[in-house]
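Remarks on the structure that follows.
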Amino acid sequence: MPADITGTNVFNMGSSSFSLRRGPVFTDILLADEINRTPPKTQAALLEAMQEHQVTAAGVRHALEEPFFVLATQNPIEMEGTYPLPEAQLDRFMFNVVMDYLPEDDEVAVVTRTTSETPALIEALFTGEDVLRFHDIVRKVPIAEEIVRYAVKLAAASRPHQDGAPDFINEWASWGAGTRAGQFLVLGAKTRALLKGRAHVSVDDIQTLAYPTLRHRILLNYRAEAEGVNVENVTKRLLDTIKPPIAS
């Protein structure tokens, strides 16, 4: 139920008033395991927290502390008892990362560590205030207007039946990426540039992040499904079709 994540109002006998008993959404990092098992009204409550960073309970607004992240998983196997996520909620997620089985060496390392000694206690490496400073640093990374325009063109080209939309998009896509796709492409590219030790964004940053950014924003139709086309194929064709700017 929505109250399971947002919290519920509890009557205080001493003060003869109601107070909010905060739910798990009042945190810095919220993990929504198998989010597609939640009913639509619960997803709507989570959508308010993701978009507005607030919770409304009994007509009272409760602001969430910053930073606030939502990490979610979906079970791709069992479809019984699940609800498809609405496009508006999918669009709030920055990336859609596909988690496959680990390589053998990595899986051996996981099994070894989890079946041997008791793991050491986890110690915090940084605080929420540090994360907010990271955000400020990322936004200060310079990016050329041509690369921003390239990110916008990639997102716009995924929208069917719009001016300049490729034929394969009109044929296979029922819905394309919105403006948030361009925003997250740029922010993700700035972050990747810093992680790669660069102080500027390159075309490769945009192209690498196109897959996790567009994967959950391009909705394919039945014709694409019948022809065996998936979002990965469509994203690759977009990258092949939309020419990147030439570096000076």
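Following the order of the structure tokens, chains are lettered A, B, ..., residues in each are numbered from 1, and ligands are numbered from 1.
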Mind listing the helix (DSSP H, G or I) residues of stretch 73-114 of chain A, per DSSP on the backbone, as a list in words?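 These are the residues in question: Glu87, Ala88, Gln89, Leu90, Glu104, Asp105, Asp106, Glu107, Val108, Ala109, Val110, Val111, Thr112, Arg113 and Thr114 of chain A.
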Excluding stretch 64-72 of chain A and any residue of its chain fewer than 6 positions from it, enumerate the residues within 8 Å of it, using only C-alpha atoms, and give them as a ChimeraX atom specification. /A:26-35,49-50,53-55,93,128-129,131-132
Output file for the selection above: N, CA, C and O atoms, as a compact mmCIF listing (two decimals), in the first residue's frame:
# COMPACT_ATOMS: atom_id res chain seq x y z
N PHE A 26 11.64 8.02 3.49
CA PHE A 26 12.40 9.11 4.13
C PHE A 26 13.83 8.64 4.38
O PHE A 26 14.20 8.26 5.50
N THR A 27 14.61 8.64 3.35
CA THR A 27 15.98 8.16 3.41
C THR A 27 16.76 8.83 2.29
O THR A 27 16.21 9.58 1.49
N ASP A 28 18.06 8.57 2.25
CA ASP A 28 18.88 9.11 1.16
C ASP A 28 18.86 8.21 -0.07
O ASP A 28 18.82 8.69 -1.19
N ILE A 29 18.91 6.91 0.15
CA ILE A 29 18.91 5.94 -0.95
C ILE A 29 17.81 4.93 -0.69
O ILE A 29 17.86 4.20 0.30
N LEU A 30 16.82 4.89 -1.56
CA LEU A 30 15.69 3.97 -1.43
C LEU A 30 15.84 2.86 -2.46
O LEU A 30 15.95 3.12 -3.65
N LEU A 31 15.87 1.62 -2.00
CA LEU A 31 15.92 0.47 -2.89
C LEU A 31 14.53 -0.14 -2.98
O LEU A 31 14.00 -0.66 -2.00
N ALA A 32 13.94 -0.05 -4.17
CA ALA A 32 12.61 -0.63 -4.42
C ALA A 32 12.82 -1.96 -5.13
O ALA A 32 12.98 -2.01 -6.36
N ASP A 33 12.83 -3.03 -4.37
CA ASP A 33 13.09 -4.36 -4.94
C ASP A 33 11.85 -4.86 -5.66
O ASP A 33 10.75 -4.87 -5.09
N GLU A 34 12.02 -5.29 -6.92
CA GLU A 34 10.92 -5.77 -7.76
C GLU A 34 9.78 -4.76 -7.75
O GLU A 34 8.66 -5.04 -7.33
N ILE A 35 10.08 -3.57 -8.23
CA ILE A 35 9.14 -2.46 -8.18
C ILE A 35 7.88 -2.74 -8.98
O ILE A 35 6.82 -2.18 -8.71
N ALA A 49 7.43 11.24 -4.75
CA ALA A 49 8.71 11.35 -4.05
C ALA A 49 9.86 11.49 -5.04
O ALA A 49 10.80 12.27 -4.82
N MET A 50 9.80 10.77 -6.15
CA MET A 50 10.88 10.81 -7.13
C MET A 50 10.94 12.14 -7.86
O MET A 50 12.02 12.66 -8.13
N HIS A 53 10.40 15.20 -4.68
CA HIS A 53 11.21 15.02 -3.45
C HIS A 53 10.40 15.46 -2.23
O HIS A 53 10.89 16.17 -1.36
N GLN A 54 9.17 14.99 -2.19
CA GLN A 54 8.29 15.28 -1.07
C GLN A 54 7.26 14.18 -0.96
O GLN A 54 7.06 13.38 -1.88
N VAL A 55 6.61 14.13 0.20
CA VAL A 55 5.52 13.20 0.46
C VAL A 55 4.34 14.00 0.99
O VAL A 55 4.51 14.85 1.88
N PHE A 93 13.53 7.64 -13.96
CA PHE A 93 14.78 6.92 -13.73
C PHE A 93 15.82 7.36 -14.74
O PHE A 93 15.56 7.41 -15.94
N GLY A 128 26.06 12.58 2.92
CA GLY A 128 25.13 13.15 1.95
C GLY A 128 25.56 14.53 1.48
O GLY A 128 25.35 14.88 0.31
N GLU A 129 26.15 15.31 2.38
CA GLU A 129 26.64 16.63 1.98
C GLU A 129 27.76 16.51 0.94
O GLU A 129 27.86 17.33 0.02
N VAL A 131 27.93 14.15 -1.31
CA VAL A 131 27.26 13.81 -2.56
C VAL A 131 26.71 15.07 -3.23
O VAL A 131 26.79 15.23 -4.45
N LEU A 132 26.13 15.97 -2.44
CA LEU A 132 25.62 17.22 -3.00
C LEU A 132 26.75 18.04 -3.62
O LEU A 132 26.56 18.69 -4.65
Restricting the calculation to only C-alpha atoms, which member of A:Ile242, A:Val152, A:Ala88, A:Val60 is positioned closest to A:Pro166?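 Under the stated criterion, the closest residue is A:Ile242.
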Can you check which parts of stretch 4-103 of chain A lie within 8 Å of stretch 174-192 of chain A? Per residue, the shortest pair of atoms and distance in Å to one decimal, counting only C-alpha atoms, sorted by chain and number, as a tab-separated table.
residue	atom	partner	partner_atom	distance
A:Asp91	CA	A:Arg180	CA	7.1
A:Arg92	CA	A:Arg180	CA	7.9
A:Met94	CA	A:Phe184	CA	6.0
Please, could you write that set of residues out with N, CA, C and O atoms as a PDB file, in the first residue's frame?
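The result, written out as again.pdb:
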ATOM      1  N   ASP A  91      10.292   7.404 -16.911  1.00  0.00           N
ATOM      2  CA  ASP A  91      11.067   8.548 -17.363  1.00  0.00           C
ATOM      3  C   ASP A  91      11.826   9.206 -16.222  1.00  0.00           C
ATOM      4  O   ASP A  91      12.803   9.931 -16.444  1.00  0.00           O
ATOM      5  N   ARG A  92      11.404   8.978 -14.977  1.00  0.00           N
ATOM      6  CA  ARG A  92      12.098   9.584 -13.828  1.00  0.00           C
ATOM      7  C   ARG A  92      13.389   8.857 -13.501  1.00  0.00           C
ATOM      8  O   ARG A  92      14.242   9.403 -12.812  1.00  0.00           O
ATOM      9  N   MET A  94      17.001   7.660 -14.246  1.00  0.00           N
ATOM     10  CA  MET A  94      18.069   8.149 -15.123  1.00  0.00           C
ATOM     11  C   MET A  94      18.536   7.054 -16.082  1.00  0.00           C
ATOM     12  O   MET A  94      18.611   7.270 -17.291  1.00  0.00           O
TER      13      MET A  94
END
Can you measure atom CA of A:Thr115 to atom CA of A:Met99 for me? One decimal in Å is fine.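 Distance between the two atoms: 22.5 Å.
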Check the smallest atom-to-atom distance from each of A:Arg61, A:Arg37, A:Lys196, A:Lys236 to A:Tyr83 using only C-alpha atoms, then report the winner.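 Among A:Arg61, A:Arg37, A:Lys196, A:Lys236, it is A:Arg37 that comes nearest to A:Tyr83.
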Please provide as an MDAnalysis selection string all residues within 12 Å of A:Ile218, with the sequence filter that same-chain residues fewer than 4 positions apart are discarded (counting only C-alpha atoms). chainID A and resid 87 90:91 96 154:160 169:170 172:178 181 210:214 224 230:235 238
Selection above as a file: N, CA, C and O atoms, as a short mmCIF file (atom, residue, chain, number, x, y, z; two decimals), in the first residue's frame:
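Saved as result-v9.cif:
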data_model
loop_
_atom_site.label_atom_id
_atom_site.label_comp_id
_atom_site.auth_asym_id
_atom_site.auth_seq_id
_atom_site.Cartn_x
_atom_site.Cartn_y
_atom_site.Cartn_z
N GLU A 87 4.77 5.13 -18.17
CA GLU A 87 5.86 5.83 -18.84
C GLU A 87 6.35 7.02 -18.01
O GLU A 87 7.55 7.32 -17.99
N LEU A 90 8.77 5.60 -15.46
CA LEU A 90 10.00 5.14 -16.10
C LEU A 90 10.90 6.30 -16.47
O LEU A 90 12.13 6.22 -16.34
N ASP A 91 10.29 7.40 -16.91
CA ASP A 91 11.07 8.55 -17.36
C ASP A 91 11.83 9.21 -16.22
O ASP A 91 12.80 9.93 -16.44
N ASN A 96 18.60 2.67 -17.13
CA ASN A 96 18.09 1.30 -17.04
C ASN A 96 19.26 0.37 -17.34
O ASN A 96 19.70 0.26 -18.48
N LEU A 154 19.72 12.90 -30.66
CA LEU A 154 19.52 11.46 -30.43
C LEU A 154 18.16 11.20 -29.78
O LEU A 154 17.43 10.30 -30.19
N ALA A 155 17.85 12.00 -28.76
CA ALA A 155 16.56 11.80 -28.08
C ALA A 155 15.40 12.14 -29.01
O ALA A 155 14.40 11.42 -29.06
N ALA A 156 15.52 13.25 -29.75
CA ALA A 156 14.42 13.67 -30.62
C ALA A 156 14.20 12.69 -31.76
O ALA A 156 13.06 12.47 -32.19
N ALA A 157 15.27 12.06 -32.24
CA ALA A 157 15.14 11.12 -33.37
C ALA A 157 14.40 9.85 -32.97
O ALA A 157 13.95 9.10 -33.84
N SER A 158 14.25 9.60 -31.66
CA SER A 158 13.55 8.39 -31.22
C SER A 158 12.04 8.56 -31.17
O SER A 158 11.33 7.60 -30.88
N ARG A 159 11.55 9.77 -31.44
CA ARG A 159 10.12 10.05 -31.35
C ARG A 159 9.44 9.80 -32.69
O ARG A 159 9.74 10.47 -33.68
N PRO A 160 8.53 8.85 -32.75
CA PRO A 160 7.91 8.51 -34.03
C PRO A 160 6.98 9.61 -34.53
O PRO A 160 6.39 10.36 -33.73
N ILE A 169 12.16 4.29 -37.00
CA ILE A 169 11.49 4.73 -35.78
C ILE A 169 9.98 4.79 -36.01
O ILE A 169 9.18 4.33 -35.18
N ASN A 170 9.57 5.36 -37.12
CA ASN A 170 8.14 5.41 -37.45
C ASN A 170 7.54 4.02 -37.58
O ASN A 170 6.36 3.81 -37.30
N TRP A 172 8.79 1.08 -36.05
CA TRP A 172 8.92 0.19 -34.90
C TRP A 172 8.55 0.81 -33.56
O TRP A 172 8.22 0.08 -32.63
N ALA A 173 8.62 2.11 -33.43
CA ALA A 173 8.43 2.74 -32.12
C ALA A 173 7.01 3.28 -31.97
O ALA A 173 6.45 3.86 -32.90
N SER A 174 6.44 3.09 -30.79
CA SER A 174 5.15 3.69 -30.47
C SER A 174 5.32 4.92 -29.59
O SER A 174 4.40 5.73 -29.48
N TRP A 175 6.47 5.06 -28.96
CA TRP A 175 6.75 6.22 -28.10
C TRP A 175 8.25 6.40 -28.03
O TRP A 175 9.01 5.44 -28.05
N GLY A 176 8.68 7.67 -27.94
CA GLY A 176 10.10 7.96 -27.89
C GLY A 176 10.52 8.65 -26.62
O GLY A 176 9.73 8.86 -25.71
N ALA A 177 11.78 9.02 -26.58
CA ALA A 177 12.35 9.64 -25.38
C ALA A 177 11.97 11.12 -25.33
O ALA A 177 11.91 11.80 -26.35
N GLY A 178 11.76 11.61 -24.11
CA GLY A 178 11.41 13.01 -23.91
C GLY A 178 12.64 13.85 -23.61
O GLY A 178 13.79 13.44 -23.79
N ALA A 181 15.61 12.68 -21.37
CA ALA A 181 16.66 11.84 -21.94
C ALA A 181 17.88 12.68 -22.29
O ALA A 181 19.02 12.29 -21.99
N ALA A 210 24.06 6.22 -24.24
CA ALA A 210 22.79 6.22 -24.98
C ALA A 210 21.97 4.98 -24.67
O ALA A 210 20.74 5.05 -24.56
N TYR A 211 22.63 3.84 -24.49
CA TYR A 211 21.89 2.60 -24.24
C TYR A 211 21.16 2.61 -22.90
O TYR A 211 19.94 2.38 -22.87
N PRO A 212 21.83 2.84 -21.78
CA PRO A 212 21.08 2.86 -20.51
C PRO A 212 20.10 4.01 -20.39
O PRO A 212 19.13 3.91 -19.65
N THR A 213 20.33 5.11 -21.14
CA THR A 213 19.43 6.25 -21.05
C THR A 213 18.17 6.06 -21.88
O THR A 213 17.07 6.48 -21.47
N LEU A 214 18.29 5.43 -23.03
CA LEU A 214 17.15 5.28 -23.94
C LEU A 214 16.44 3.95 -23.79
O LEU A 214 15.31 3.79 -24.27
N ALA A 224 7.54 -4.33 -34.26
CA ALA A 224 8.94 -4.56 -33.90
C ALA A 224 9.09 -5.90 -33.19
O ALA A 224 10.04 -6.65 -33.43
N ASN A 230 14.56 -5.37 -30.89
CA ASN A 230 14.53 -4.91 -29.51
C ASN A 230 15.09 -3.50 -29.40
O ASN A 230 15.56 -2.92 -30.39
N VAL A 231 15.04 -2.95 -28.21
CA VAL A 231 15.46 -1.56 -28.01
C VAL A 231 16.96 -1.39 -28.29
O VAL A 231 17.39 -0.34 -28.76
N GLU A 232 17.73 -2.43 -28.00
CA GLU A 232 19.17 -2.35 -28.27
C GLU A 232 19.43 -2.15 -29.76
O GLU A 232 20.29 -1.34 -30.15
N ASN A 233 18.67 -2.89 -30.60
CA ASN A 233 18.83 -2.73 -32.05
C ASN A 233 18.47 -1.33 -32.50
O ASN A 233 19.17 -0.72 -33.31
N VAL A 234 17.37 -0.80 -31.95
CA VAL A 234 16.91 0.54 -32.34
C VAL A 234 17.92 1.60 -31.90
O VAL A 234 18.24 2.52 -32.67
N THR A 235 18.46 1.47 -30.69
CA THR A 235 19.44 2.45 -30.22
C THR A 235 20.69 2.43 -31.07
O THR A 235 21.25 3.49 -31.40
N LEU A 238 20.00 4.23 -34.21
CA LEU A 238 19.98 5.67 -33.97
C LEU A 238 21.40 6.24 -33.95
O LEU A 238 21.68 7.29 -34.53
#
Could you state the separation of atom CA of A:Pro119 and atom CA of A:Asp105 in Å, given to one decimal place? 19.5 Å
Out of A:Ala45, A:Leu102, A:Ile206, A:Met1, which residue has the shortest atom-to-atom distance to A:Tyr150 when counting only C-alpha atoms? A:Ile206
Please report, as a list in words, each residue of stretch 20-202 of chain A to which DSSP assigns strand (DSSP E or B) when run on this structure's backbone.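 Restricting stretch 20-202 of chain A to strand (DSSP E or B) produces Leu20, Arg21, Arg22, Ile29, Leu30, Leu31, Ala32, Gln54, Val55, Thr56, Ala57, Val60, Arg61, His62, Ala63, Phe69, Val70, Leu71, Ala72, Ala173, Ser174 and Trp175 of chain A.
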Identify, on the basis of only C-alpha atoms, every residue whose closest approach to A:Pro142 does not exceed 10 Å; exclude the query and any residue fewer than 5 positions from it along the same chain; express the result as a PyMOL selection string. chain A and resi 190+199-201
What does the distance from atom CA of A:Pro24 to atom CA of A:Phe11 come to in Å, to one decimal?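 Distance reported for this atom pair: 19.6 Å.
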Residue contacts of A:Ala57 (9 Å, only C-alpha atoms) excluding same-chain residues fewer than 3 positions away, as a ChimeraX atom specification: /A:3,6-9,20,60-62
Resulting file, chosen residues, C-alpha atoms, as a short mmCIF file (atom, residue, chain, number, x, y, z; two decimals), in the first residue's frame:
data_model
loop_
_atom_site.label_atom_id
_atom_site.label_comp_id
_atom_site.auth_asym_id
_atom_site.auth_seq_id
_atom_site.Cartn_x
_atom_site.Cartn_y
_atom_site.Cartn_z
CA ALA A 3 1.37 4.07 3.32
CA THR A 6 5.37 6.95 2.62
CA GLY A 7 4.28 6.37 6.22
CA THR A 8 1.02 6.66 8.09
CA ASN A 9 -0.58 9.14 10.48
CA LEU A 20 3.29 11.10 10.69
CA VAL A 60 0.42 17.95 4.68
CA ARG A 61 3.60 18.26 2.65
CA HIS A 62 6.71 16.60 4.07
#
Given the choices A:Ile147, A:Val111, A:Leu220, A:Ile137, which gets closest to A:Gln207 if the distance is worked out from only C-alpha atoms?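 Of all the options, A:Ile147 lies closest to A:Gln207.
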